[in-house]
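Asker: Before I ask anything, let me first share the structure, which is written out below as structure tokens.
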Amino acid sequence: MSKPQKKQVKRKKKTPKIPSFSSNMLTAIAGIFFLMAVFTVFIGDSTQKEEIALSQVALDVSAGIVESIEVSGDNLTISYLEEGEDKISKKEVGTAITETLSNYGVPKEKLVAVTIDITRESGFGFWLRTLGPFLIPLIFIVFLFWMITRQVKGAGMQAMSFGQSKARIIDPGDKNQSVTFKDVAGAAEAKEELIEVVDFLKSPKKFLDIGARIPKGILLMGAPGTGKTLLARAVAGEAGVPFFTISGSEFVEMFVGVGASRVRDLFKQAKQRAPAIIFIDEIDAVGRSRGTGMGGGNDEREQTLNQILVEMDGFEPNNKVIVIAATNRPDVLDPALLRPGRFDRRVTIDLPDRKDREAILKIHARKKPFHNDVNLSVIAERTPGFSGADLQSLMNEGAILAARENRKTITQYDLIRSVEKVMLGPERKSHILSPKEKRITAYHEAGHALVASVLEHSDPVHKISIISRGRAAGYTLNLPFEDKKMHSKKEFHDDIAVTLGGYVAEEMIFGDLTTGPSNDLQVLTNLARNMVTKWGMSKKVGPVALESDGGKPIFGTGVNPKEYSEEISSLIDGEVSKIITGAKKVAKKVLTKHKDVLIAIAEELIEVETLERKEFEDILIANGITPKKKEE
């Protein structure tokens with residue numbers, strides 16, 4: 001087998017730096033001051049001395065008050081015997097000063113008594129003094145025109161660079177920015193799909209020999225923070241090829257045709273350094289469905305999309321450049337992008353499960369000093385629904401909390417607090433509740449916790465607190481023992497009852513309602529409506545999906561058109577109200593039956609402000625309620 005030849009990499013030419021307008025202005029001002037200084041040195045001296053007529057000079061010499069006369073060309077500098085300023089004058093051109101003074105009738109004995117000193121100017125000084133008043137303004141005008149021309153030229157160069165790609169290139173030899181699959185935890189299925197791309201980039205011959213063609217475009221779909229960009233970088237790192245990365249929004253400018261030009265330039269650069277990977281982040285910025293009535297056929301975004309389609313599968317076949325794109329809105333993409341030959345391989349990246357979360361936490365824990373009590377398995381259990389970005393933020397917040405308290409290691413308590421900080425926001429220590437508000441909040445959270453502990457299909461309680469975090473005056477942390485991919489109708493009914501637990505507790509204990517349950521009411525109303533309109537969990541409405549998640553893309557946004565009659569709308573409202581009313585009756589029944597337990601939990605909360613899972617379960621056991629246990 002022959003050794004592969006080393007590919008010569010063309011160095012990218014550095015674009016000349018265009019000076020800014022402010023720097024040019026500063027340079028011009030400095031030049032003006034310099035020219036003024038030069039003008040002052042050579043011209044300013046002649047204006048400081050008094051100039052007298054030649055006849056006055058003759059009278060002064062005859063009077064015997066002149067000490068010396070300095071002759072420089074046709075200029076005379078007269079020094080007097082008495083202390084005072086020298087005076088200047090002009091002599092006749094081509095005539096000696098002695099002859100001139102004799103003609104004016106100065107006696108010879110008076111003329112002999114005066115010292116006459118003749119100095120000859122150098123050629124440079126003579127011409128500078130002669131031509132300076134004309135040359136200096138001329139030089140200034142030429143300099144000003146040069147600065148203006150340079151500025152216009154720079155603007156022209158900048159205008160010419162509009163069509164150039166703004167993609168950032170990560171060279172395979174750059175170890176500081178290199179990422180491999182070892183740095184990506186979880187997403188096993190996604191990595192398996194992308195390993196084929198790595199194999200093709202490393203050894204395309206085995207695929208081509210069997211007639212296989214690797215997909216030209218791979219679309220990474222998933223919620224924000226699930227690691228789409230990280231996976232794309234890992235593919236480039238594993239394959240050892242140049243990685244061109246750009247955001248979809250960077251293609252579009254205010255000038256028509258610039259986006260398409262940048263697409264052409266990007267693919268041209270990638271082809272020159274092929275095999276290579278182009279990564280387009282947030283492709284939905286330019287890849288939305290065409291024909292939405294915005295901008296017409298000459299819309300800049302549509303022109304950019306058309307150029308991407310042509311480059312990926314146009315007249316020129318391209319087998320060595322693979323395009324990877326990422327989006328969290330695949331429902332709004334143009335169908336032409338998703339057809340075979342373009343983004344025909346779609347990789348879905350889900351939120352990590354418990355094992356994946358633990359693996360991700362271990363990756364972000366590599367360079368952090370931990371105390372012996374740290375158990376990342378417990379942290380992974382407490383973070384269902386967290387993305388990879390959330391987990392990274394969690395570990396970083398734990399390190400910040402430890403550093404803030406001047407400790408050298410991160411403890412389990414720091415990580416527990418950082419979980420709550422990422423979920424709910426920081427503690428609002430300055431937000432101190434009044435005794436009455438504290439009591440209402442305690443019963444509200446106790447109502448949530450007690451209903452959750454009694455109902456069969458609700459999630460167990462891990463923590464209760466009446467310390468303000470974010471916008472919440474208090475919170476109850478309900479977490480499942482295991483991650484769930486599907487939810488049942490019974491679970492939803494119990495969840496709505498748990499959400500109403502605080503509302504019912506306030507009404508039952510205080511005989512009044514506050515604004516505290518406002519967010520709870522919004523959450524349970526949306527959940528009940530989704531049960532009826534999306535998941536077919538209503539007997540009267542039946543198994544019909546009346547509303548979709550994304551809606552139709554109109555003017556760049558998802559809009560849900562009302563596709564059912566007013567009669568069905570009234571029926572939906574009735575079913576939603578029925579679900580909520582039934583859940584309220586269940587919550588009230590539980591709290592009425594276990595009112596003494598509700599009071600015990602609330603009074604303990606008022607005293608200690610926070611109850612962890614074990615402390616809460618001890619109160620339940622003491623009052624005859626068996627806590628929920630994980631099924632073996």
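To be explicit about the labels: the chains of the structure tokens are called A, B, and onward in the order shown, and within each one the residues are counted from 1, while ligands get numbers from 1 in the order they are shown.
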Could I get the residues of range 211-265 of chain A with an atom no further than 12 Å from an atom of range 391-411 of chain A, each paired with its nearest atom pair and that distance in Å to one decimal, using only C-alpha atoms, sorted by chain and residue number, as a Markdown table?

Answerer:
| residue | atom | partner | partner_atom | distance |
| --- | --- | --- | --- | --- |
| A:Gly225 | CA | A:Leu391 | CA | 9.5 |
| A:Thr226 | CA | A:Leu391 | CA | 10.1 |
| A:Gly227 | CA | A:Gln392 | CA | 11.0 |

Asker: Could you write those residues out with all heavy atoms, as a CSV table (one decimal), in the first residue's frame?

Answerer:
chain,number,residue,atom,x,y,z
A,225,GLY,N,-28.1,23.6,23.8
A,225,GLY,CA,-27.2,23.1,24.9
A,225,GLY,C,-26.9,21.6,24.9
A,225,GLY,O,-26.3,21.1,25.8
A,226,THR,N,-27.4,20.9,23.9
A,226,THR,CA,-27.2,19.4,24.0
A,226,THR,C,-25.9,19.0,23.4
A,226,THR,O,-25.6,17.8,23.4
A,226,THR,CB,-28.4,18.7,23.2
A,226,THR,OG1,-28.6,19.4,21.9
A,226,THR,CG2,-29.7,18.8,24.0
A,227,GLY,N,-25.1,19.9,22.8
A,227,GLY,CA,-23.8,19.6,22.3
A,227,GLY,C,-23.6,19.4,20.8
A,227,GLY,O,-22.8,18.6,20.4

Asker: Considering only C-alpha atoms, tabulate each residue of range 226-264 of chain A that lies at most 10 Å from range 184-207 of chain A along with its nearest interatomic pair and the corresponding distance in Å to one decimal; arrange the rows by chain and ascending residue number and present them as a tab-separated table.

Answerer:
residue	atom	partner	partner_atom	distance
A:Thr226	CA	A:Ala187	CA	8.9
A:Gly227	CA	A:Val184	CA	8.0
A:Lys228	CA	A:Ala190	CA	9.6
A:Leu230	CA	A:Val184	CA	7.2
A:Leu231	CA	A:Val184	CA	7.0
A:Ala232	CA	A:Leu194	CA	8.6
A:Ala234	CA	A:Val184	CA	7.7
A:Val235	CA	A:Val198	CA	6.1
A:Ala236	CA	A:Val198	CA	7.7
A:Gly237	CA	A:Val198	CA	9.1
A:Glu238	CA	A:Val198	CA	6.5
A:Ala239	CA	A:Val198	CA	5.0
A:Gly240	CA	A:Lys202	CA	8.0
A:Val241	CA	A:Leu201	CA	7.9

Asker: Tell me which protein, DNA and RNA residues are within 7 Å of range 333-346 of chain A, counting only C-alpha atoms, leaving out same-chain ones fewer than 5 positions away, and put them as a PDB file with N, CA, C and O atoms, in the first residue's frame.

Answerer:
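The resulting file, selection24.pdb, is shown below:
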ATOM      1  N   PRO A 215     -22.990  10.725   2.917  1.00  0.00           N
ATOM      2  CA  PRO A 215     -23.888  11.894   2.832  1.00  0.00           C
ATOM      3  C   PRO A 215     -23.104  13.202   2.803  1.00  0.00           C
ATOM      4  O   PRO A 215     -22.134  13.381   3.530  1.00  0.00           O
ATOM      5  N   LYS A 216     -23.524  14.120   1.940  1.00  0.00           N
ATOM      6  CA  LYS A 216     -22.842  15.411   1.844  1.00  0.00           C
ATOM      7  C   LYS A 216     -23.213  16.334   2.986  1.00  0.00           C
ATOM      8  O   LYS A 216     -22.421  17.191   3.377  1.00  0.00           O
ATOM      9  N   GLY A 217     -24.421  16.176   3.477  1.00  0.00           N
ATOM     10  CA  GLY A 217     -24.887  17.062   4.537  1.00  0.00           C
ATOM     11  C   GLY A 217     -25.443  16.288   5.715  1.00  0.00           C
ATOM     12  O   GLY A 217     -26.182  15.309   5.538  1.00  0.00           O
ATOM     13  N   ILE A 218     -25.062  16.701   6.902  1.00  0.00           N
ATOM     14  CA  ILE A 218     -25.556  16.074   8.134  1.00  0.00           C
ATOM     15  C   ILE A 218     -26.191  17.165   8.973  1.00  0.00           C
ATOM     16  O   ILE A 218     -25.552  18.176   9.283  1.00  0.00           O
ATOM     17  N   LEU A 219     -27.438  16.965   9.344  1.00  0.00           N
ATOM     18  CA  LEU A 219     -28.167  17.945  10.131  1.00  0.00           C
ATOM     19  C   LEU A 219     -28.270  17.459  11.574  1.00  0.00           C
ATOM     20  O   LEU A 219     -28.834  16.392  11.845  1.00  0.00           O
ATOM     21  N   LEU A 220     -27.689  18.224  12.484  1.00  0.00           N
ATOM     22  CA  LEU A 220     -27.751  17.904  13.910  1.00  0.00           C
ATOM     23  C   LEU A 220     -28.939  18.650  14.514  1.00  0.00           C
ATOM     24  O   LEU A 220     -28.993  19.882  14.479  1.00  0.00           O
ATOM     25  N   ASP A 284     -31.156  27.621  10.575  1.00  0.00           N
ATOM     26  CA  ASP A 284     -32.517  28.102  10.350  1.00  0.00           C
ATOM     27  C   ASP A 284     -32.548  29.614  10.115  1.00  0.00           C
ATOM     28  O   ASP A 284     -33.567  30.159   9.660  1.00  0.00           O
ATOM     29  N   GLY A 287     -32.063  29.145   6.379  1.00  0.00           N
ATOM     30  CA  GLY A 287     -32.652  27.969   5.742  1.00  0.00           C
ATOM     31  C   GLY A 287     -34.138  27.813   5.956  1.00  0.00           C
ATOM     32  O   GLY A 287     -34.685  26.728   5.728  1.00  0.00           O
ATOM     33  N   ARG A 288     -34.827  28.876   6.394  1.00  0.00           N
ATOM     34  CA  ARG A 288     -36.271  28.769   6.601  1.00  0.00           C
ATOM     35  C   ARG A 288     -37.006  28.580   5.278  1.00  0.00           C
ATOM     36  O   ARG A 288     -36.493  28.926   4.212  1.00  0.00           O
ATOM     37  N   SER A 289     -38.208  28.055   5.379  1.00  0.00           N
ATOM     38  CA  SER A 289     -39.006  27.767   4.185  1.00  0.00           C
ATOM     39  C   SER A 289     -39.191  29.015   3.338  1.00  0.00           C
ATOM     40  O   SER A 289     -39.509  30.085   3.856  1.00  0.00           O
ATOM     41  N   ARG A 290     -38.999  28.845   2.026  1.00  0.00           N
ATOM     42  CA  ARG A 290     -39.189  29.964   1.109  1.00  0.00           C
ATOM     43  C   ARG A 290     -40.667  30.127   0.765  1.00  0.00           C
ATOM     44  O   ARG A 290     -41.470  29.235   1.005  1.00  0.00           O
ATOM     45  N   LEU A 309     -27.922  25.593  -1.544  1.00  0.00           N
ATOM     46  CA  LEU A 309     -28.477  24.410  -2.221  1.00  0.00           C
ATOM     47  C   LEU A 309     -27.651  24.038  -3.447  1.00  0.00           C
ATOM     48  O   LEU A 309     -27.364  22.856  -3.690  1.00  0.00           O
ATOM     49  N   MET A 312     -24.194  22.554  -2.434  1.00  0.00           N
ATOM     50  CA  MET A 312     -24.235  21.214  -1.840  1.00  0.00           C
ATOM     51  C   MET A 312     -24.524  20.129  -2.862  1.00  0.00           C
ATOM     52  O   MET A 312     -23.996  19.024  -2.782  1.00  0.00           O
ATOM     53  N   ASP A 313     -25.395  20.434  -3.824  1.00  0.00           N
ATOM     54  CA  ASP A 313     -25.737  19.411  -4.814  1.00  0.00           C
ATOM     55  C   ASP A 313     -26.147  20.098  -6.110  1.00  0.00           C
ATOM     56  O   ASP A 313     -27.284  20.017  -6.549  1.00  0.00           O
TER      57      ASP A 313
END

Asker: Report as a ChimeraX atom specification all protein, DNA and RNA residues lying within 7 Å of range 423-428 of chain A, evaluated on only C-alpha atoms, omitting residues in the same chain fewer than 4 positions from it.

Answerer: /A:419,468-470

Asker: Can you measure CA of Ala602 in chain A to CA of Thr441 in chain A for me? One decimal in Å is fine.

Answerer: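 One can read the CA of Ala602 in chain A to CA of Thr441 in chain A distance as 8.7 Å.
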
Asker: Please provide the set of residues having any atom within 9 Å of range 530-535 of chain A, restricted to only C-alpha atoms, with same-chain residues fewer than 2 positions apart removed, written as a PyMOL selection string.

Answerer: chain A and resi 489+492+525-528+537-539+541-549+572+575-576

Asker: Could you save those same residues with C-alpha atoms as a PDB file, in the first residue's frame?

Answerer:
ATOM      1  CA  LYS A 489     -52.646  10.349  31.724  1.00  0.00           C
ATOM      2  CA  PHE A 492     -50.579  14.257  34.391  1.00  0.00           C
ATOM      3  CA  THR A 525     -53.571  25.315  32.643  1.00  0.00           C
ATOM      4  CA  ASN A 526     -51.084  24.746  29.814  1.00  0.00           C
ATOM      5  CA  LEU A 527     -50.651  21.125  30.850  1.00  0.00           C
ATOM      6  CA  ALA A 528     -54.398  20.503  30.955  1.00  0.00           C
ATOM      7  CA  MET A 537     -56.473  12.487  26.743  1.00  0.00           C
ATOM      8  CA  SER A 538     -60.067  13.740  26.785  1.00  0.00           C
ATOM      9  CA  LYS A 539     -63.005  11.400  26.288  1.00  0.00           C
ATOM     10  CA  VAL A 541     -62.795  15.529  22.371  1.00  0.00           C
ATOM     11  CA  GLY A 542     -61.250  12.170  21.592  1.00  0.00           C
ATOM     12  CA  PRO A 543     -57.921  11.182  20.001  1.00  0.00           C
ATOM     13  CA  VAL A 544     -57.545  14.297  17.880  1.00  0.00           C
ATOM     14  CA  ALA A 545     -54.513  16.607  17.672  1.00  0.00           C
ATOM     15  CA  LEU A 546     -56.012  20.071  17.377  1.00  0.00           C
ATOM     16  CA  GLU A 547     -52.815  22.055  17.981  1.00  0.00           C
ATOM     17  CA  SER A 548     -49.202  21.452  16.964  1.00  0.00           C
ATOM     18  CA  ASP A 549     -45.955  22.306  18.739  1.00  0.00           C
ATOM     19  CA  ILE A 572     -61.937  22.213  24.792  1.00  0.00           C
ATOM     20  CA  GLU A 575     -62.660  19.742  29.245  1.00  0.00           C
ATOM     21  CA  VAL A 576     -59.720  21.823  30.506  1.00  0.00           C
TER      22      VAL A 576
END

Asker: To one decimal place, how far is CA of Asp281 in chain A from CA of Ile324 in chain A in Å?

Answerer: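 For CA of Asp281 in chain A relative to CA of Ile324 in chain A, the distance reads 8.4 Å.
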
Asker: Select, from A:Met486, A:Ile278, A:Ala113, A:Ile440, the residue with the minimum atom-to-atom distance to Tyr503 in chain A, counting only C-alpha atoms.

Answerer: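 Comparing A:Met486, A:Ile278, A:Ala113, A:Ile440 against Tyr503 in chain A, the winner is A:Ile440.
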
Asker: Tell me, in Å to one decimal, how far CA of Arg233 in chain A is from CA of Val332 in chain A.

Answerer: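 Atom-to-atom, CA of Arg233 in chain A to CA of Val332 in chain A, that is 24.8 Å.
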
Asker: Excluding His444 in chain A and any residue of its chain fewer than 5 positions from it, enumerate the residues within 12 Å of it, using only C-alpha atoms, and give them as a ChimeraX atom specification.

Answerer: /A:437-439,449-451,464-466,472-476,498-510,513-517,520,591,598-599,601-603,605-606
